[in-house]
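Engineer: Here you go, one structure.
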Amino acid sequence: MLFANTNTMKQLYYDVKKCLGCRSCEIACAVAHSLAGELFSALREEKLSLPRKKVLPAGGKNYPLSCRHCQDAKCVEACMSGCLVYNKEKGIVEHDEPRCVGCWMCVMVCPFGAIRPNLIAKIPIRCDKCKDKDEPACLKACPTGAIIWQEEREK
Amino acid sequence: MTKQFIIIGNSAAGIAAAETIRQRDKESKIIMISDEDCPAYCRCMLSYYLAGEVKEKTLSYRPANFYQGNNVELLLNKKVARVDPKKNRVICEDKTQLGYDALLIATGARPKFPEVKGVKRTGVFGFRTIKDAQAISAQLPVTKTACILGGGLIGLKAAYALKKRNIEVKVIIKSPQVLSQMLDGQAAELVRKKLEEHGIEVLLGQDVLEIIGEGDVKAVKLDSGKAIGCTMVIVGKGVSPNIELIKDSEVRFNQGILADRFLKTNAGNIYAAGDACESFDLVSGEPGINALWPVAVEQGKIAGANMSGADLTYDGSLGMNSLEFFGLPVVSLAVYKVKQGDSACEELKIINPRENKYKKLILKNNRLLGAVLVGEIKNSGVYLRLIREKIDLSGFKDKLLEENFGYPVIKDALIERDTTYV
Ligand SMILES: Cc1cc2nc3c(=O)[nH]c(=O)nc-3n(C[C@H](O)[C@H](O)[C@H](O)COP(=O)(O)OP(=O)(O)OC[C@H]3O[C@@H](n4cnc5c(N)ncnc54)[C@H](O)[C@@H]3O)c2cc1C
Ligand code: SF4
Ligand code: SF4
């Protein structure tokens, strides 16, 4: 297929044993989604770009948390404006931001807490797998290789 | 063998059902019938539309070629008068008759108007359809003050929209708090304050006795004896399901059309979904209607699958909602108030009125029954999951309201294994 991004069916996996909880991935994510795309200018942007993934501790380990792009996504079911849509070809849930009204129905139903409200920008934020790039920005940012980017694994 | 599927109602539940049927069955005929005159649009967005924040074309939530692309025949401006389960056909008001192999009734609901004098006067509106929104909007240039009857979701959304259009708004609420169907008193107070700060007047504990005027609305008279001058009244006092079409048939109904765990009614090959369908509440186990968009979509999907041969069971619905007024987000999940005298319930709370933050979780026997979140709503979906899946909280009860709480904390207690972490 022409123009097809061959990486899009890949998923993010995390090797929890390797994760230090240093949050380098969070920073890389926020920068990648800022207007400037570069840390120092990003920090000066009026609507501060927030990371779309979060590293959360549990039971003495660190768990990077990001959107799973569920095929039968609860957020898509709940989205009242129809701006969240599962794209079958690409295997991702896409967010048509200009249509979004910030009603937070998606936040209310995501079973992973992976879509979070940016209350200031009035828009929910969520990992988009850096869909316009070859690979997600967090991947290279991780100093220990705890982030794995590969084809879908057996369930 | 190709079949004929009929779906009455072209909204949340109907569209979800049509999509599901078409995914499973490429051949059969799908006919959707609606008494409205336009393709599907999102009802919940009507307040944003009335507020002027969203354009009419953004209201439709499926692409223009949706019906064609899915090979769905859409019949607009057509009202089904009755259903004849014995002959497997629907009879429309214009006398046309259509036969079906499986039928979905997804007729939704309509506003309930209070039985007070003057309720038929010009200037009294319900707020349910795009037509309602347009009629209200057309009246705004000559409106200075509007009274909203009812402090539920619809009433407050209407109030918000009119305020954005620079109308003076007074909300008249019978109960002693706003949003009494989804919040406790303390959380409701934060919402009330927010509305008042933005110039919406909220009158609590007062009911309307009469809508005064001669033809047109001039004022509303309250049970306190007070009268409020206004030329517009919007009624937001709940909805009643549109079920007249089955009332003379064998299809059983209570408040709504009664459906079993497969969302099937008692009559052969007739299913129900959405606001017109009375299934059961997941937490209480009792029959009931949670008239909500995500519930309608989920039910539509399941009913659609079962109509086309699947065997999916429905878990039941939950009362839940999310809204935001003037920057204050609010989420309510399932049980939001402890029943008086229920000593087995336990509440966990964080209250910070200065930052407009309020979080309350209601637990019973180490299970989460419900939650109210104001000001900070992250992780609501994780709480919802704990409620839905009735997860045992003993391992992490003390962590539920911690800053770092999130999905990883509950992961190991879930039934589903997570392959994301290696
Ligand atoms: C202003 C507003 C705001 C809302 N906000 C929220 C919100 O924030 N969150 C939330 O969860 N929910 C919200 N809701 C509720 C939500 O819109 C409903 O739960 C949802 O639309 C139900 O979908 P449904 O498919 O069951 O029925 P409906 O959307 O009611 O659609 C039923 C359709 O069937 C048609 N019909 C009825 N009878 C017949 C007949 N005999 N013949 C032919 N056609 C017929 C009706 O005209 C209608 O088009 C809101 C509703 C309104 C009005
Ligand atoms: S936001 Fe949540 S529900 Fe939606 S696709 Fe991502 S993980 Fe799934
Ligand atoms: S906040 Fe936006 S993306 Fe989320 S449900 Fe509402 S409209 Fe859809």
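In the structure tokens, each chain is lettered A, B, ... as it comes, each chain's residues begin at 1, and ligands are numbered from 1 in order of appearance.
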What's the 7 Å shell around segment 280-296 of chain B, counting only C-alpha atoms, without same-chain residues fewer than 2 positions away, as number ranges by chain?

Structural biologist: A: 77-78; B: 12-13, 273-275, 277-278, 298-300, 315-319

Engineer: Enumerate as a list in words the residues belonging to chain B that approach chain A to within 6 Å, with only C-alpha atoms taken into account.

Structural biologist: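 For chain B, the answer reads Tyr61, Pro294, Ser322, Leu323, Lys378, Asn379, Ser380, Gly381, Val382, Arg385, Tyr407, Pro408, Val409, Thr420, Tyr421 and Val422 of chain B.
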
Engineer: Selection from above, N, CA and C atoms, as a compact mmCIF listing (two decimals), in the first residue's frame, can you write it?

Structural biologist:
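As written to disk, part29.txt reads:
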```txt
# COMPACT_ATOMS: atom_id res chain seq x y z
N TYR B 61 -22.59 12.83 13.88
CA TYR B 61 -21.38 12.17 14.37
C TYR B 61 -20.98 10.98 13.50
N PRO B 294 -23.71 6.61 26.51
CA PRO B 294 -22.89 5.40 26.40
C PRO B 294 -23.69 4.13 26.66
N SER B 322 -20.68 12.57 33.28
CA SER B 322 -19.55 13.46 33.36
C SER B 322 -19.99 14.78 32.76
N LEU B 323 -19.69 15.87 33.44
CA LEU B 323 -20.03 17.15 32.85
C LEU B 323 -19.05 18.20 33.32
N LYS B 378 -9.34 12.59 37.08
CA LYS B 378 -8.48 11.56 36.47
C LYS B 378 -8.76 10.22 37.14
N ASN B 379 -8.54 9.18 36.42
CA ASN B 379 -8.77 7.81 36.91
C ASN B 379 -10.23 7.44 37.12
N SER B 380 -11.18 8.29 36.71
CA SER B 380 -12.58 7.90 36.90
C SER B 380 -12.85 6.54 36.26
N GLY B 381 -12.26 6.30 35.09
CA GLY B 381 -12.50 5.05 34.40
C GLY B 381 -11.99 3.84 35.18
N VAL B 382 -10.93 4.08 35.96
CA VAL B 382 -10.39 2.99 36.77
C VAL B 382 -11.35 2.68 37.92
N ARG B 385 -14.24 0.80 36.56
CA ARG B 385 -13.91 -0.60 36.35
C ARG B 385 -14.02 -1.40 37.65
N TYR B 407 -4.22 2.77 37.34
CA TYR B 407 -4.46 1.40 36.89
C TYR B 407 -3.44 0.38 37.42
N PRO B 408 -2.12 0.71 37.43
CA PRO B 408 -1.17 -0.30 37.89
C PRO B 408 -1.49 -0.84 39.29
N VAL B 409 -2.06 0.02 40.14
CA VAL B 409 -2.36 -0.41 41.51
C VAL B 409 -3.40 -1.54 41.53
N THR B 420 0.58 -6.21 28.47
CA THR B 420 1.37 -5.04 28.12
C THR B 420 2.68 -4.96 28.91
N TYR B 421 2.62 -5.47 30.13
CA TYR B 421 3.82 -5.42 30.96
C TYR B 421 4.50 -6.78 30.94
N VAL B 422 5.81 -6.79 30.59
CA VAL B 422 6.50 -8.08 30.49
C VAL B 422 7.52 -8.23 31.62
```

Engineer: Using only C-alpha atoms and all ligand atoms, find the one residue out of B:Leu75, B:Met182, B:Met45, B:Leu245 that sits nearest to ligand 3.

Structural biologist: B:Met45

Engineer: Rank A:Lys53, A:Arg23, A:His95, A:His69 by their smallest atom-to-atom distance to Ile123 of chain A, using only C-alpha atoms, and report the top residue only.

Structural biologist: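 Between A:Lys53, A:Arg23, A:His95, A:His69, the residue approaching Ile123 of chain A most closely is A:His95.
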
Engineer: Go through the chains and note each residue within 6 Å of ligand 1, using only C-alpha atoms and all ligand atoms, then give the set as a short mmCIF file (atom, residue, chain, number, x, y, z; two decimals) with C-alpha atoms, in the first residue's frame.

Structural biologist:
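Ended up saving to result34.cif:
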```
data_model
loop_
_atom_site.label_atom_id
_atom_site.label_comp_id
_atom_site.auth_asym_id
_atom_site.auth_seq_id
_atom_site.Cartn_x
_atom_site.Cartn_y
_atom_site.Cartn_z
CA ILE B 8 -37.02 2.19 14.90
CA GLY B 9 -35.05 5.20 16.11
CA ASN B 10 -32.06 6.70 14.36
CA SER B 11 -29.92 7.80 17.28
CA ALA B 12 -27.34 6.43 19.74
CA ALA B 13 -28.80 2.93 20.13
CA GLY B 14 -30.14 2.59 16.57
CA ILE B 33 -37.06 4.59 10.67
CA SER B 34 -37.08 8.01 12.31
CA ASP B 35 -39.80 10.55 12.89
CA GLU B 36 -37.19 13.31 12.82
CA ARG B 43 -28.30 14.85 21.24
CA CYS B 44 -25.84 15.45 24.08
CA LEU B 46 -27.34 20.20 21.64
CA SER B 47 -26.41 22.38 24.59
CA LYS B 78 -41.92 8.51 9.37
CA LYS B 79 -43.51 7.62 12.65
CA VAL B 80 -44.25 4.06 13.64
CA ALA B 81 -47.73 3.96 15.13
CA ALA B 106 -34.73 2.26 19.95
CA THR B 107 -37.25 5.06 20.16
CA GLY B 108 -35.58 6.88 23.04
CA ALA B 109 -37.46 9.26 25.28
CA PHE B 127 -34.92 20.47 25.19
CA ARG B 128 -34.47 17.18 23.42
CA ILE B 154 -30.57 18.83 30.98
CA ASN B 242 -41.37 6.60 23.81
CA LEU B 245 -46.09 1.96 19.79
CA GLY B 274 -31.42 2.83 24.72
CA ASP B 275 -33.61 5.25 26.64
CA ALA B 276 -36.77 3.31 25.70
CA ALA B 291 -30.99 7.03 30.16
CA LEU B 292 -27.48 7.81 28.97
CA TRP B 293 -25.62 8.03 25.71
CA PRO B 294 -22.89 5.40 26.40
CA ALA B 296 -27.62 3.43 24.62
CA ASN B 321 -22.19 10.95 34.08
#
```

Engineer: With only C-alpha atoms and all ligand atoms as the atoms that count, which of A:Gly21, A:Pro136, A:Gly145, A:Pro124 lies nearest to ligand 3?

Structural biologist: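 Closest residue, counting only C-alpha atoms and all ligand atoms: A:Pro124.
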
Engineer: For Ile257 of chain B, find every residue with an atom within 8 Å (counting only C-alpha atoms), except residues of its own chain fewer than 2 positions away, and show them as a ChimeraX atom specification.

Structural biologist: /B:243,251-255,259,265,272,276-278

Engineer: Which residue out of A:Ala42, A:Ala32, A:Cys25, A:Cys67 has the minimum interatomic distance to ligand 2 when only C-alpha atoms and all ligand atoms are used?

Structural biologist: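 Closest to ligand 2 of all the choices is A:Cys67.
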
Engineer: Mind listing the alpha helix (DSSP H) residues of segment 121-287 of chain B, per DSSP on the backbone, as number ranges by chain?

Structural biologist: B: 130-139, 153-164, 185-197

Engineer: Measure the distance from atom CA of Lys140 of chain A to atom CA of Gly91 of chain A in Å and round it to one decimal.

Structural biologist: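 Those two atoms sit 22.1 Å apart.
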
Engineer: May I ask which of the residues B:Ile31, B:Pro329, B:Ile91, B:Thr2 is the closest one to ligand 3, counting only C-alpha atoms and all ligand atoms?

Structural biologist: B:Pro329
